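What follows is the content of my_file29.cif, which has mmCIF, C-alpha atoms:
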```cif
data_run
loop_
_atom_site.label_atom_id
_atom_site.label_comp_id
_atom_site.auth_asym_id
_atom_site.auth_seq_id
_atom_site.Cartn_x
_atom_site.Cartn_y
_atom_site.Cartn_z
CA MET A 1 -4.18 32.93 -20.43
CA ASP A 2 -1.91 35.68 -21.76
CA GLU A 3 -0.66 38.68 -19.78
CA LYS A 4 -3.53 40.94 -20.84
CA GLY A 5 -6.07 38.27 -19.89
CA LEU A 6 -4.47 37.91 -16.47
CA GLU A 7 -4.54 41.67 -15.95
CA ASP A 8 -8.20 41.85 -16.95
CA ALA A 9 -9.04 39.02 -14.54
CA ALA A 10 -7.08 40.77 -11.78
CA ILE A 11 -8.92 44.06 -12.44
CA LEU A 12 -12.25 42.27 -12.27
CA LEU A 13 -11.38 40.58 -8.98
CA MET A 14 -10.20 43.83 -7.40
CA SER A 15 -13.43 45.48 -8.54
CA LEU A 16 -15.50 42.80 -6.80
CA GLY A 17 -14.11 43.49 -3.34
CA GLU A 18 -12.31 41.23 -0.89
CA GLU A 19 -15.17 38.91 0.12
CA GLU A 20 -16.37 38.19 -3.42
CA ALA A 21 -12.80 37.85 -4.73
CA ALA A 22 -12.05 35.34 -1.97
CA GLU A 23 -15.01 33.21 -3.12
CA VAL A 24 -13.65 33.21 -6.67
CA PHE A 25 -10.17 32.19 -5.50
CA LYS A 26 -11.68 29.19 -3.69
CA ASN A 27 -12.66 27.74 -7.06
CA LEU A 28 -9.31 28.20 -8.82
CA GLU A 29 -6.38 25.86 -9.28
CA PRO A 30 -3.15 26.54 -7.32
CA LYS A 31 -1.31 27.77 -10.40
CA GLU A 32 -4.19 30.10 -11.30
CA VAL A 33 -4.20 31.55 -7.79
CA GLN A 34 -0.45 32.14 -7.97
CA HIS A 35 -0.54 33.85 -11.36
CA LEU A 36 -3.51 36.03 -10.46
CA GLY A 37 -1.99 36.92 -7.10
CA GLU A 38 1.26 37.98 -8.72
CA THR A 39 -0.63 40.04 -11.30
CA ILE A 40 -2.73 41.79 -8.66
CA ALA A 41 0.43 42.65 -6.72
CA LYS A 42 1.91 44.29 -9.81
CA LEU A 43 -1.16 46.39 -10.65
CA LYS A 44 -0.68 49.60 -8.74
CA THR A 45 -2.79 51.96 -10.88
CA VAL A 46 -5.34 51.28 -13.61
CA THR A 47 -7.16 53.83 -15.74
CA ARG A 48 -10.89 54.26 -15.21
CA GLU A 49 -11.45 53.56 -18.90
CA ARG A 50 -9.82 50.15 -18.68
CA ILE A 51 -11.78 49.25 -15.54
CA ASP A 52 -15.03 50.18 -17.29
CA ASN A 53 -14.06 48.15 -20.36
CA VAL A 54 -13.31 45.07 -18.26
CA LEU A 55 -16.56 45.32 -16.32
CA ASP A 56 -18.62 45.95 -19.46
CA ARG A 57 -17.11 42.94 -21.21
CA PHE A 58 -17.67 40.75 -18.17
CA ALA A 59 -21.30 41.85 -17.91
CA GLN A 60 -21.88 41.13 -21.58
CA GLU A 61 -20.24 37.71 -21.54
CA SER A 62 -21.93 36.65 -18.31
CA THR A 63 -25.38 37.39 -19.72
CA GLU A 64 -24.61 35.12 -22.65
CA MET A 65 -23.70 32.17 -20.42
CA GLY A 66 -25.99 29.82 -18.55
CA VAL A 67 -25.67 26.80 -16.27
CA LEU A 68 -26.91 23.64 -17.96
CA VAL A 69 -26.20 21.29 -15.06
CA ALA A 70 -25.61 22.19 -11.41
CA ASP A 71 -23.19 19.31 -10.73
CA THR A 72 -21.48 18.14 -13.90
CA ASP A 73 -19.56 15.33 -12.15
CA GLU A 74 -22.75 13.73 -10.83
CA TYR A 75 -24.49 14.28 -14.16
CA ILE A 76 -21.86 12.44 -16.21
CA LYS A 77 -21.73 9.61 -13.64
CA SER A 78 -25.49 9.14 -13.82
CA VAL A 79 -25.65 9.29 -17.62
CA LEU A 80 -22.78 6.84 -18.16
CA ARG A 81 -24.14 4.34 -15.63
CA LYS A 82 -27.57 4.38 -17.24
CA ALA A 83 -26.06 4.00 -20.70
CA LEU A 84 -23.31 1.44 -20.03
CA GLY A 85 -24.07 -0.20 -16.73
CA ASP A 86 -22.08 0.21 -13.53
CA ASP A 87 -18.96 -1.79 -14.42
CA LYS A 88 -18.21 -0.22 -17.81
CA ALA A 89 -19.27 3.22 -16.67
CA ASN A 90 -17.04 3.16 -13.60
CA LEU A 91 -14.00 2.46 -15.75
CA LEU A 92 -14.73 5.57 -17.80
CA ILE A 93 -15.69 7.68 -14.80
CA ASP A 94 -12.31 7.04 -13.18
CA ARG A 95 -10.61 8.38 -16.31
CA ILE A 96 -12.93 11.33 -16.86
CA ILE A 97 -13.02 12.52 -13.25
CA GLN A 98 -9.46 11.50 -12.46
CA GLY A 99 -7.87 12.37 -9.16
CA SER A 100 -11.01 13.51 -7.35
CA ASP A 101 -10.25 11.13 -4.48
CA ILE A 102 -6.56 11.90 -4.03
CA THR A 103 -6.96 14.96 -1.84
CA GLY A 104 -3.59 14.43 -0.18
CA ILE A 105 -1.77 14.79 -3.48
CA GLU A 106 -4.00 17.70 -4.44
CA SER A 107 -2.75 19.51 -1.34
CA LEU A 108 0.83 19.22 -2.64
CA LYS A 109 -0.09 21.49 -5.55
CA TRP A 110 -0.35 24.37 -3.08
CA MET A 111 3.12 23.77 -1.65
CA ASP A 112 6.43 25.14 -2.93
CA ALA A 113 8.88 22.75 -4.57
CA ILE A 114 11.34 22.72 -1.66
CA SER A 115 8.61 21.71 0.81
CA VAL A 116 7.36 18.93 -1.44
CA ALA A 117 10.90 17.70 -2.03
CA GLU A 118 11.57 17.66 1.71
CA LEU A 119 8.39 15.67 2.29
CA LEU A 120 9.37 13.08 -0.31
CA ARG A 121 13.15 13.08 0.10
CA HIS A 122 13.41 9.81 2.04
CA GLU A 123 10.67 7.91 0.23
CA HIS A 124 11.33 5.11 -2.23
CA PRO A 125 11.73 6.38 -5.83
CA GLN A 126 8.70 4.35 -6.91
CA ILE A 127 6.51 6.12 -4.36
CA VAL A 128 7.93 9.51 -5.36
CA ALA A 129 7.28 8.75 -9.03
CA ALA A 130 3.68 7.76 -8.32
CA ILE A 131 3.12 11.06 -6.51
CA LEU A 132 4.91 13.33 -8.98
CA VAL A 133 2.91 12.13 -11.99
CA HIS A 134 -0.17 13.63 -10.31
CA LEU A 135 1.44 17.09 -10.27
CA ASP A 136 1.80 19.51 -13.16
CA PRO A 137 5.01 18.86 -15.12
CA ASP A 138 6.55 22.20 -14.17
CA GLN A 139 5.96 21.60 -10.45
CA ALA A 140 7.26 18.03 -10.69
CA SER A 141 10.32 19.34 -12.52
CA SER A 142 10.98 21.93 -9.82
CA VAL A 143 10.70 19.28 -7.11
CA LEU A 144 13.15 16.98 -8.89
CA LYS A 145 15.70 19.77 -9.20
CA VAL A 146 15.92 19.84 -5.39
CA PHE A 147 16.80 16.13 -5.19
CA THR A 148 20.30 14.75 -5.44
CA GLU A 149 21.36 13.69 -8.93
CA ARG A 150 21.09 9.98 -8.18
CA HIS A 151 17.67 10.27 -6.53
CA ARG A 152 16.40 12.47 -9.37
CA ASN A 153 17.58 10.02 -12.03
CA GLU A 154 16.10 6.99 -10.26
CA VAL A 155 12.74 8.72 -9.96
CA MET A 156 12.74 9.72 -13.64
CA VAL A 157 13.38 6.12 -14.73
CA ARG A 158 10.37 5.02 -12.71
CA ILE A 159 8.16 7.80 -14.07
CA ALA A 160 9.07 6.82 -17.62
CA THR A 161 8.33 3.13 -16.98
CA LEU A 162 5.22 3.68 -14.84
CA ASP A 163 2.31 1.88 -16.46
CA GLY A 164 -0.58 3.37 -14.56
CA ILE A 165 -1.15 3.24 -10.81
CA GLN A 166 -2.74 0.20 -9.22
CA PRO A 167 -4.83 0.28 -6.02
CA ALA A 168 -1.94 -1.25 -4.07
CA ALA A 169 0.32 1.61 -5.13
CA LEU A 170 -2.28 4.15 -4.08
CA LYS A 171 -2.36 2.48 -0.66
CA ASP A 172 1.38 3.06 -0.40
CA LEU A 173 0.81 6.72 -1.21
CA ASN A 174 -1.71 6.88 1.60
CA GLU A 175 1.02 5.87 4.04
CA VAL A 176 3.10 8.81 2.79
CA LEU A 177 0.37 11.44 2.68
CA SER A 178 -2.72 11.62 4.87
CA ARG A 179 -6.07 11.28 3.16
CA VAL A 180 -4.64 10.36 -0.23
CA LEU A 181 -7.27 7.64 -0.59
CA ALA A 182 -11.02 8.11 -0.28
CA GLY A 183 -12.31 4.72 -1.33
CA GLY A 184 -9.62 2.11 -0.68
CA THR A 185 -9.66 -0.86 -3.01
CA GLN A 186 -12.59 0.53 -4.97
CA ILE A 187 -10.27 2.93 -6.72
CA ARG A 188 -9.23 1.64 -10.11
CA LYS A 189 -5.98 1.97 -11.97
CA SER A 190 -5.21 5.54 -13.08
CA SER A 191 -3.53 5.91 -16.47
CA LEU A 192 -0.72 8.17 -15.29
CA GLY A 193 3.02 7.99 -15.89
CA GLY A 194 4.88 6.75 -18.94
CA VAL A 195 7.21 8.12 -21.58
CA LYS A 196 5.24 11.26 -22.44
CA PRO A 197 4.92 12.63 -18.85
CA ALA A 198 8.61 11.83 -18.32
CA ALA A 199 9.51 13.80 -21.46
CA GLU A 200 7.38 16.77 -20.35
CA ILE A 201 9.07 16.87 -16.94
CA ILE A 202 12.58 16.56 -18.37
CA ASN A 203 11.76 19.31 -20.88
CA LEU A 204 11.33 21.71 -17.97
CA MET A 205 14.52 20.85 -16.09
CA GLY A 206 17.02 22.88 -18.09
CA SER A 207 19.76 21.68 -20.40
CA SER A 208 22.33 20.58 -17.82
CA LEU A 209 19.97 18.43 -15.74
CA GLU A 210 18.24 17.20 -18.89
CA THR A 211 21.52 15.76 -20.19
CA SER A 212 22.34 14.12 -16.86
CA VAL A 213 18.95 12.44 -16.54
CA LEU A 214 18.88 11.18 -20.13
CA ASP A 215 22.44 9.83 -19.88
CA TYR A 216 21.47 7.92 -16.75
CA ILE A 217 18.36 6.47 -18.38
CA ARG A 218 20.29 5.65 -21.55
CA GLU A 219 22.78 3.55 -19.57
CA ALA A 220 19.96 1.59 -17.96
CA ASP A 221 17.71 1.31 -21.04
CA SER A 222 18.78 2.84 -24.34
CA ASP A 223 15.41 2.12 -26.00
CA LEU A 224 13.55 3.89 -23.20
CA ALA A 225 15.87 6.90 -23.44
CA GLN A 226 15.23 7.09 -27.19
CA LYS A 227 11.45 6.95 -26.67
CA ILE A 228 11.66 9.80 -24.16
CA THR A 229 13.85 11.84 -26.51
CA ASP A 230 11.38 11.28 -29.34
CA ASN A 231 8.62 12.75 -27.17
CA MET A 232 10.60 15.78 -26.07
CA PHE A 233 10.16 19.14 -27.75
CA THR A 234 13.05 21.54 -27.38
CA PHE A 235 13.44 25.17 -28.32
CA ASP A 236 15.35 24.19 -31.46
CA ASP A 237 12.36 22.08 -32.54
CA LEU A 238 10.42 25.31 -33.11
CA GLY A 239 11.92 25.23 -36.57
CA LYS A 240 9.70 22.23 -37.31
CA LEU A 241 6.49 24.24 -36.90
CA ASP A 242 4.79 25.33 -40.09
CA ASP A 243 4.27 29.04 -40.73
CA LYS A 244 0.65 28.99 -39.60
CA GLY A 245 1.57 27.36 -36.31
CA PHE A 246 4.47 29.74 -35.80
CA GLN A 247 2.23 32.75 -36.35
CA SER A 248 -0.25 31.40 -33.78
CA LEU A 249 2.63 31.06 -31.33
CA LEU A 250 3.92 34.60 -31.89
CA LYS A 251 0.49 36.03 -31.11
CA GLU A 252 0.73 34.53 -27.61
CA VAL A 253 4.30 35.54 -26.72
CA GLN A 254 5.17 38.84 -25.08
CA THR A 255 7.85 40.84 -26.90
CA GLU A 256 10.22 40.98 -23.93
CA SER A 257 10.00 37.23 -23.44
CA LEU A 258 10.64 36.66 -27.14
CA ILE A 259 13.72 38.88 -27.13
CA ILE A 260 15.31 37.05 -24.20
CA SER A 261 14.41 33.65 -25.65
CA LEU A 262 16.02 34.51 -28.98
CA LYS A 263 19.28 35.60 -27.31
CA GLY A 264 20.09 31.91 -27.05
CA ALA A 265 18.48 30.80 -30.30
CA SER A 266 20.16 29.51 -33.43
CA PRO A 267 20.26 31.72 -36.56
CA GLU A 268 17.72 29.36 -38.15
CA ILE A 269 15.18 29.88 -35.36
CA ARG A 270 15.69 33.64 -35.46
CA GLU A 271 15.07 33.71 -39.20
CA LYS A 272 11.97 31.59 -38.70
CA VAL A 273 10.67 34.20 -36.27
CA PHE A 274 11.47 37.13 -38.57
CA LYS A 275 9.85 35.34 -41.51
CA ASN A 276 6.54 35.03 -39.69
CA MET A 277 6.35 38.68 -38.63
CA SER A 278 5.57 41.80 -40.59
CA SER A 279 8.63 43.53 -42.09
CA ARG A 280 8.32 46.39 -39.65
CA ALA A 281 7.94 44.13 -36.60
CA ALA A 282 10.86 41.97 -37.73
CA GLU A 283 13.10 44.99 -38.18
CA THR A 284 12.18 46.30 -34.72
CA LEU A 285 12.89 42.90 -33.19
CA ARG A 286 16.29 42.74 -34.91
CA GLU A 287 17.19 46.15 -33.50
CA ASP A 288 16.05 45.14 -30.00
CA LEU A 289 18.17 41.97 -30.15
CA GLU A 290 21.24 43.89 -31.30
CA SER A 291 20.86 46.59 -28.66
CA ARG A 292 20.24 44.16 -25.79
CA GLY A 293 23.34 43.48 -23.74
CA PRO A 294 24.47 40.09 -22.37
CA VAL A 295 21.71 38.02 -20.78
CA LYS A 296 22.19 35.23 -18.24
CA LEU A 297 21.81 31.80 -19.78
CA SER A 298 19.55 30.86 -16.86
CA ASP A 299 17.23 33.75 -17.80
CA VAL A 300 17.23 32.68 -21.44
CA GLU A 301 16.36 29.09 -20.50
CA ALA A 302 13.59 30.27 -18.17
CA GLU A 303 11.95 32.31 -20.93
CA GLN A 304 12.37 29.47 -23.43
CA LYS A 305 10.61 27.13 -20.99
CA GLU A 306 7.69 29.56 -20.75
CA LEU A 307 7.52 29.73 -24.52
CA LEU A 308 7.49 25.94 -24.78
CA LYS A 309 4.61 25.84 -22.30
CA ILE A 310 2.67 28.04 -24.72
CA VAL A 311 3.60 25.68 -27.57
CA ARG A 312 2.25 22.69 -25.62
CA ARG A 313 -0.95 24.55 -24.75
CA LEU A 314 -1.56 25.55 -28.36
CA SER A 315 -0.81 21.99 -29.42
CA ASP A 316 -3.38 20.64 -26.93
CA GLU A 317 -5.89 23.14 -28.31
CA GLY A 318 -5.16 21.98 -31.86
CA GLN A 319 -3.85 25.35 -33.03
CA ILE A 320 -0.41 24.04 -33.90
CA VAL A 321 1.16 20.67 -34.62
CA MET A 322 4.26 19.72 -32.65
CA SER A 323 6.93 17.46 -34.11
CA SER A 324 8.55 15.38 -31.41
CA GLY A 325 11.78 15.42 -31.73
CA GLY A 326 22.63 25.73 -14.42
CA ASP A 327 25.29 27.97 -14.11
CA ASP A 328 24.76 31.61 -14.99
CA GLU A 329 26.60 31.78 -18.29
CA TYR A 330 25.97 34.69 -20.62
CA VAL A 331 24.86 34.70 -24.25
#
```

Here is the file; what I need is its structure written in the form of structure tokens.
Amino acid sequence: MDEKGLEDAAILLMSLGEEEAAEVFKNLEPKEVQHLGETIAKLKTVTRERIDNVLDRFAQESTEMGVLVADTDEYIKSVLRKALGDDKANLLIDRIIQGSDITGIESLKWMDAISVAELLRHEHPQIVAAILVHLDPDQASSVLKVFTERHRNEVMVRIATLDGIQPAALKDLNEVLSRVLAGGTQIRKSSLGGVKPAAEIINLMGSSLETSVLDYIREADSDLAQKITDNMFTFDDLGKLDDKGFQSLLKEVQTESLIISLKGASPEIREKVFKNMSSRAAETLREDLESRGPVKLSDVEAEQKELLKIVRRLSDEGQIVMSSGGDDEYV
């Protein structure tokens, strides 16, 4: 959801009142709660016209929607079992409704990275890897940044070589976190971990840690390091997007974020951006870049990470095709 969408959602929630808004929050993911909460905190005043527009649009869209099935999880379970039989259906159900029984790990998604890191600091790297692959890549990346270099690297090797999670491994997780399991040996292998999740996590670490982790993995297994690298998508890889994909990306990026991101971009990436904008917009962006003073490298990397998240989202939605491919300095 872009910034305007978040603001509209925040306006709607504030219009509902505290009790109703609280009920909505109960049904959101941790990251959604965080983003909406931050947006609400920033909205001090809103025009009456915008409030009316948000409420009118919500009323219109809500009348066009209906509930087909009260409990979609139970519905898909029932349909698959009738169609395929219990054994085949259960294999699919575990993949479709993945993670519903790992409430202990779900609770980690509400914790800050330092708290999660402290909880896992003294656990075996294999256990840590099995837990982190259940988290969003950006949260897992933030947790790993808190670890020592050696611990971080050992965990990343195990994430990259993790070939699913067997019931025995989930039992180990249960010893680390209360109520991780809700079914014991009946839980089947979850297809988590591997090269792609490892690449996504490393992508979000920042250039200095990224180099350290990949060098460590390369010493242990050069083929594995190459596979991870092939699945990583860096800011420089934006040049591999076609014009249509690039234009879809630019529609989603806020101007301020784009300016900061481009402060650390190569001339080729900048020209790619200018090429896919109108002449007037490109000229304005050039002027903004020239007039902007020095920007911390850490700020540039943070904005570039946010932009890459948008790229991955658009890629998952099929709007674009992706080619795989610190200290506060100033640029």

- Item | Contacts of Leu119 (chain A) within 12 Å, all atoms listed in the file, excl. fewer than 2 positions in-chain, as a VMD selection string | chain A and resid 105 108 111 to 117 121 to 124 127 to 128 131 143 146 to 147 176 to 177

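Residues lying at most 6 Å from (-5.3, 43.9, -12.4) in file coordinates, with only C-alpha atoms considered, are A:Glu7, A:Asp8, A:Ala10, A:Ile11, A:Ile40, A:Leu43.
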
- Output the residue selection produced by the PyMOL selection byres ((chain A and resi 197) around 8) on the file above, formatted as a PyMOL selection string. chain A and resi 133+137+159-160+193-196+198-201

- Message: So the first atom is CA of Leu135 (chain A) and the second is CA of Glu29 (chain A); what is the distance between them in Å, to one decimal place?
- Response: 11.8 Å

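As for CA of Val213 (chain A) and CA of Lys227 (chain A), they are spaced 13.7 Å apart.
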
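Residues with any atom within 9 Å of the point (13.4, 44.1, -28.8), counting all atoms listed in the file, are Thr255, Glu256, Leu258, Ile259, Ile260, Thr284, Leu285, Arg286, Glu287, Asp288, Leu289, Glu290, Ser291 and Arg292 of chain A.
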
- Might you pull out every residue within 12 Å of Ser212 (chain A), with only C-alpha atoms counted and same-chain residues fewer than 6 positions away left off, and present them as JSON, numbers by chain? {"A": [145, 148, 149, 150, 151, 152, 153, 154, 156, 202, 205, 206, 218, 219, 225, 326]}

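Distance-wise, CA of Glu19 (chain A) and CA of Leu55 (chain A) end up 17.7 Å apart.
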
- Task: Name the closest residue to Lys263 (chain A) among the candidates A:Gln304, A:Ser315, A:Asn203, A:Gln247; distances are taken between atoms, counting all atoms listed in the file.
- Result: A:Gln304

- Run the PyMOL selection byres ((chain A and resi 12) around 12) on the file and write out the hits as a PyMOL selection string. chain A and resi 5-11+13-18+20-21+24+36+39-40+43+46+50-59

- Step by step, work through what the PyMOL selection byres ((chain A and resi 314) around 12) selects in the shown file, and finish by giving those residues as a ChimeraX atom specification. /A:1,241,244-253,307-313,315-322

File dump, residues just selected, C-alpha atoms, as a PDB file, keeping the file's coordinate frame:
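Result saved to out.pdb:
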```pdb
ATOM      1  CA  MET A   1      -4.180  32.930 -20.430  1.00  0.00           C
ATOM      2  CA  LEU A 241       6.490  24.240 -36.900  1.00  0.00           C
ATOM      3  CA  LYS A 244       0.650  28.990 -39.600  1.00  0.00           C
ATOM      4  CA  GLY A 245       1.570  27.360 -36.310  1.00  0.00           C
ATOM      5  CA  PHE A 246       4.470  29.740 -35.800  1.00  0.00           C
ATOM      6  CA  GLN A 247       2.230  32.750 -36.350  1.00  0.00           C
ATOM      7  CA  SER A 248      -0.250  31.400 -33.780  1.00  0.00           C
ATOM      8  CA  LEU A 249       2.630  31.060 -31.330  1.00  0.00           C
ATOM      9  CA  LEU A 250       3.920  34.600 -31.890  1.00  0.00           C
ATOM     10  CA  LYS A 251       0.490  36.030 -31.110  1.00  0.00           C
ATOM     11  CA  GLU A 252       0.730  34.530 -27.610  1.00  0.00           C
ATOM     12  CA  VAL A 253       4.300  35.540 -26.720  1.00  0.00           C
ATOM     13  CA  LEU A 307       7.520  29.730 -24.520  1.00  0.00           C
ATOM     14  CA  LEU A 308       7.490  25.940 -24.780  1.00  0.00           C
ATOM     15  CA  LYS A 309       4.610  25.840 -22.300  1.00  0.00           C
ATOM     16  CA  ILE A 310       2.670  28.040 -24.720  1.00  0.00           C
ATOM     17  CA  VAL A 311       3.600  25.680 -27.570  1.00  0.00           C
ATOM     18  CA  ARG A 312       2.250  22.690 -25.620  1.00  0.00           C
ATOM     19  CA  ARG A 313      -0.950  24.550 -24.750  1.00  0.00           C
ATOM     20  CA  SER A 315      -0.810  21.990 -29.420  1.00  0.00           C
ATOM     21  CA  ASP A 316      -3.380  20.640 -26.930  1.00  0.00           C
ATOM     22  CA  GLU A 317      -5.890  23.140 -28.310  1.00  0.00           C
ATOM     23  CA  GLY A 318      -5.160  21.980 -31.860  1.00  0.00           C
ATOM     24  CA  GLN A 319      -3.850  25.350 -33.030  1.00  0.00           C
ATOM     25  CA  ILE A 320      -0.410  24.040 -33.900  1.00  0.00           C
ATOM     26  CA  VAL A 321       1.160  20.670 -34.620  1.00  0.00           C
ATOM     27  CA  MET A 322       4.260  19.720 -32.650  1.00  0.00           C
TER      28      MET A 322
END
```
